[in-house]
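As stored in start_30.txt (compact mmCIF, C-alpha atoms):
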# COMPACT_ATOMS: atom_id res chain seq x y z
CA MET L 1 57.42 33.35 5.42
CA VAL L 2 55.70 29.97 5.79
CA LYS L 3 52.54 31.32 4.07
CA ILE L 4 54.59 32.52 1.10
CA ARG L 5 56.27 29.11 0.81
CA TYR L 6 52.85 27.35 0.75
CA LEU L 7 51.53 29.88 -1.76
CA ILE L 8 54.52 29.24 -4.07
CA ILE L 9 54.08 25.47 -3.77
CA VAL L 10 50.35 25.74 -4.58
CA LEU L 11 51.10 28.00 -7.56
CA LEU L 12 53.71 25.54 -8.88
CA ILE L 13 51.25 22.65 -8.57
CA VAL L 14 48.56 24.64 -10.42
CA VAL L 15 50.98 25.64 -13.19
CA MET L 16 52.21 22.05 -13.55
CA GLY L 17 48.60 20.79 -13.70
CA ILE L 18 47.62 23.27 -16.39
CA SER L 19 50.79 22.45 -18.36
CA ALA L 20 50.05 18.73 -18.13
CA ILE L 21 46.51 19.26 -19.44
CA PHE L 22 47.81 21.12 -22.50
CA PHE L 23 50.69 18.72 -23.04
CA PHE L 24 48.70 15.50 -22.77
CA SER L 25 45.46 16.57 -24.42
CA PRO L 26 45.39 15.62 -28.08
CA GLY L 27 45.75 18.44 -30.54
CA GLU L 28 43.26 18.98 -33.31
CA GLN L 29 45.52 17.19 -35.84
CA LYS L 30 45.54 14.09 -33.63
CA LYS L 31 41.76 14.23 -33.31
CA VAL L 32 41.39 14.44 -37.10
CA LYS L 33 43.80 11.52 -37.61
CA LYS L 34 41.83 9.51 -35.06
CA GLN L 35 38.72 9.82 -37.27
CA PHE L 36 40.67 8.24 -40.13
CA ALA L 37 41.86 5.47 -37.80
CA LEU L 38 38.26 4.79 -36.76
CA LEU L 39 37.14 4.76 -40.40
CA SER L 40 39.94 2.33 -41.23
CA GLU L 41 38.95 0.07 -38.36
CA ASP L 42 35.26 0.04 -39.28
CA VAL L 43 35.77 -0.45 -43.03
CA SER L 44 38.20 -3.33 -42.48
CA LYS L 45 36.68 -6.80 -42.46
CA ASP L 46 37.89 -10.13 -41.12
CA PRO L 47 36.72 -13.43 -42.68
CA SER L 48 35.34 -14.54 -39.31
CA GLU L 49 33.24 -11.39 -38.85
CA ASN L 50 29.72 -12.17 -37.64
CA THR L 51 26.51 -10.21 -38.16
CA PHE L 52 26.74 -8.36 -34.85
CA ILE L 53 30.28 -7.12 -35.54
CA MET L 54 29.25 -6.11 -39.05
CA ALA L 55 26.28 -4.12 -37.73
CA LYS L 56 28.48 -2.40 -35.14
CA LYS L 57 31.02 -1.44 -37.80
CA ILE L 58 28.36 -0.09 -40.17
CA LYS L 59 26.95 2.01 -37.33
CA GLY L 60 30.50 3.18 -36.56
CA ILE L 61 31.07 4.22 -40.18
CA SER L 62 27.81 6.19 -40.19
CA ALA L 63 28.75 8.05 -36.99
CA LEU L 64 31.94 9.39 -38.61
CA PHE L 65 30.04 11.38 -41.24
CA SER L 66 28.06 14.60 -41.00
CA GLU L 67 24.32 14.54 -41.67
CA SER L 68 25.11 14.97 -45.35
CA CYS L 69 28.42 14.28 -47.04
CA GLU L 70 29.56 15.03 -50.57
CA PHE L 71 31.35 12.21 -52.40
CA GLU L 72 33.28 12.37 -55.66
CA VAL L 73 34.68 8.95 -56.51
CA PRO L 74 35.34 8.62 -60.27
CA GLY L 75 35.11 5.11 -61.65
CA TYR L 76 32.70 3.85 -58.99
CA SER L 77 29.54 5.82 -59.85
CA LEU L 78 29.68 7.42 -56.44
CA SER L 79 29.12 11.11 -56.89
CA GLY L 80 26.77 13.41 -55.05
CA ILE L 81 25.55 14.31 -51.60
CA TYR L 82 24.58 11.39 -49.35
CA THR L 83 22.92 11.16 -45.95
CA ARG L 84 24.31 9.06 -43.11
CA GLU L 85 21.72 6.38 -43.83
CA GLU L 86 22.73 6.25 -47.49
CA ILE L 87 26.40 6.03 -46.49
CA SER L 88 25.55 3.10 -44.20
CA ALA L 89 23.80 1.32 -47.07
CA ILE L 90 26.72 1.96 -49.44
CA ALA L 91 29.20 0.68 -46.84
CA LEU L 92 27.09 -2.42 -46.21
CA ARG L 93 26.87 -3.24 -49.93
CA GLY L 94 30.55 -2.54 -50.49
CA ARG L 95 31.75 -4.68 -47.59
CA ALA L 96 29.44 -7.54 -48.70
CA HIS L 97 31.59 -8.04 -51.82
CA PHE L 98 34.66 -8.92 -49.73
CA SER L 99 35.61 -11.84 -47.54
CA ASN L 100 38.40 -9.78 -46.01
CA LEU L 101 39.30 -6.14 -46.32
CA ASP L 102 41.92 -3.83 -44.87
CA LEU L 103 42.01 -0.04 -45.24
CA LYS L 104 45.00 2.06 -44.15
CA PHE L 105 45.76 5.76 -44.44
CA TYR L 106 49.23 7.29 -44.94
CA ASP L 107 50.96 10.59 -45.71
CA PHE L 108 48.60 12.95 -43.94
CA LYS L 109 48.67 16.63 -44.87
CA ILE L 110 46.28 18.39 -42.53
CA SER L 111 45.44 22.09 -42.58
CA PHE L 112 42.80 24.19 -40.90
CA PRO L 113 41.67 26.83 -43.42
CA GLU L 114 39.07 28.17 -40.98
CA LYS L 115 37.72 27.52 -37.51
CA ASP L 116 36.09 24.08 -37.16
CA LEU L 117 37.14 22.99 -40.66
CA ALA L 118 39.97 20.58 -41.47
CA GLN L 119 41.27 19.94 -44.98
CA VAL L 120 43.09 16.62 -45.29
CA ASN L 121 45.06 15.22 -48.20
CA VAL L 122 45.86 11.60 -47.53
CA THR L 123 46.81 8.38 -49.28
CA GLY L 124 44.47 5.45 -48.73
CA ARG L 125 45.32 1.83 -49.47
CA LEU L 126 42.63 -0.84 -49.71
CA ILE L 127 43.75 -4.46 -49.70
CA GLY L 128 41.40 -7.40 -49.68
CA LYS L 129 39.92 -10.47 -51.25
CA SER L 130 36.53 -10.54 -52.91
CA VAL L 131 34.01 -13.26 -52.16
CA TYR L 132 34.89 -14.62 -55.64
CA GLY L 133 38.56 -15.01 -54.70
CA GLU L 134 39.92 -11.97 -56.58
CA GLN L 135 42.71 -10.04 -54.88
CA VAL L 136 42.24 -6.28 -54.50
CA ASP L 137 45.10 -3.86 -53.88
CA GLU L 138 44.25 -0.24 -54.64
CA THR L 139 46.00 2.95 -53.58
CA ARG L 140 44.26 6.30 -54.00
CA GLU L 141 44.85 9.86 -52.98
CA LEU L 142 41.97 11.49 -51.16
CA GLU L 143 41.01 15.06 -50.42
CA CYS L 144 38.69 15.30 -47.44
CA LEU L 145 36.96 18.04 -45.52
CA LEU L 146 36.01 17.42 -41.94
CA LYS L 147 33.83 19.75 -39.92
CA LYS L 148 33.87 20.01 -36.17
CA VAL L 149 30.36 19.42 -34.86
CA GLU L 150 29.82 19.37 -31.10
CA LYS L 151 33.55 18.85 -30.43
CA LYS L 152 33.75 15.93 -32.88
CA TRP L 153 35.37 15.94 -36.33
CA LEU L 154 33.00 14.54 -38.98
CA PHE L 155 33.63 13.84 -42.66
CA SER L 156 31.63 16.28 -44.79
CA GLN L 157 33.36 15.88 -48.16
CA LEU L 158 35.46 13.11 -49.69
CA GLU L 159 37.01 13.16 -53.14
CA VAL L 160 39.28 10.63 -54.80
CA VAL L 161 41.93 12.60 -56.66
CA GLU L 162 42.63 11.35 -60.16
CA VAL L 163 46.35 11.03 -60.88
CA LEU L 164 46.09 13.27 -63.92
CA LYS L 165 44.41 15.96 -61.80
CA ARG L 166 47.47 16.42 -59.61
Rewrite the structure from the file as structure tokens, please.
Amino acid sequence: MVKIRYLIIVLLIVVMGISAIFFFSPGEQKKVKKQFALLSEDVSKDPSENTFIMAKKIKGISALFSESCEFEVPGYSLSGIYTREEISAIALRGRAHFSNLDLKFYDFKISFPEKDLAQVNVTGRLIGKSVYGEQVDETRELECLLKKVEKKWLFSQLEVVEVLKR
């Protein structure tokens, strides 16, 4: 009788542990959203940002993308397939035009059309001030594909959706 009681207690502890792992581990949607949060954090720029912080953020941006990523951004001459290194250079040049910059993402619609592929429709808002003092406040809809590579979601395609296209 005592052995059965201990066996039941051990089984309950094991079941509770397994349940806790599934309950507290982030789902794939949360992992995908986290990539957008990291992108937002690394694109954003504070006026007091020094060279070391800038370099860390550029490296962080690069790490969020697959080895090659397709961009389609009408109006900014950014169209084609770019390597991580090219994305780093683009990010560096783009951030250099701003004294401060803030990027936020809203209204996520995430689907998983196949294993290790996430399709995300999201609204992005970029607010900032150029080095010439001009205010920037742009809101765009984005369609993104992220691929899971070695347990990490990486951007592999990014397209700015034109309003008329919707």
Rounded to one decimal, what separation in Å do you get between atom CA of L:Gly124 and atom CA of L:Thr51? 26.1 Å
Counting all atoms listed in the file, figure out which residue out of L:Cys144, L:Gln29, L:Ile58, L:Glu159 gets nearest to L:Leu92.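 Nearest to L:Leu92: L:Ile58.
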What's the separation between atom CA of L:Gly60 and atom CA of L:Leu38, in Å to one decimal place?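 It comes out at 7.9 Å.
Residue nearest L:Pro47, chosen from L:His97, L:Lys109, L:Lys151, L:Lys104 and counting only C-alpha atoms: L:His97.
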Would you kindly return, as a list in words, each protein, DNA or RNA residue with an atom no farther than 8 Å from any atom of L:Gly128, considering all atoms listed in the file and excluding same-chain residues fewer than 6 positions away?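 After dropping sequence-adjacent residues, the list is Phe98, Ser99, Asn100, Leu101, Asp102, Gln135, Val136 and Asp137 of chain L.
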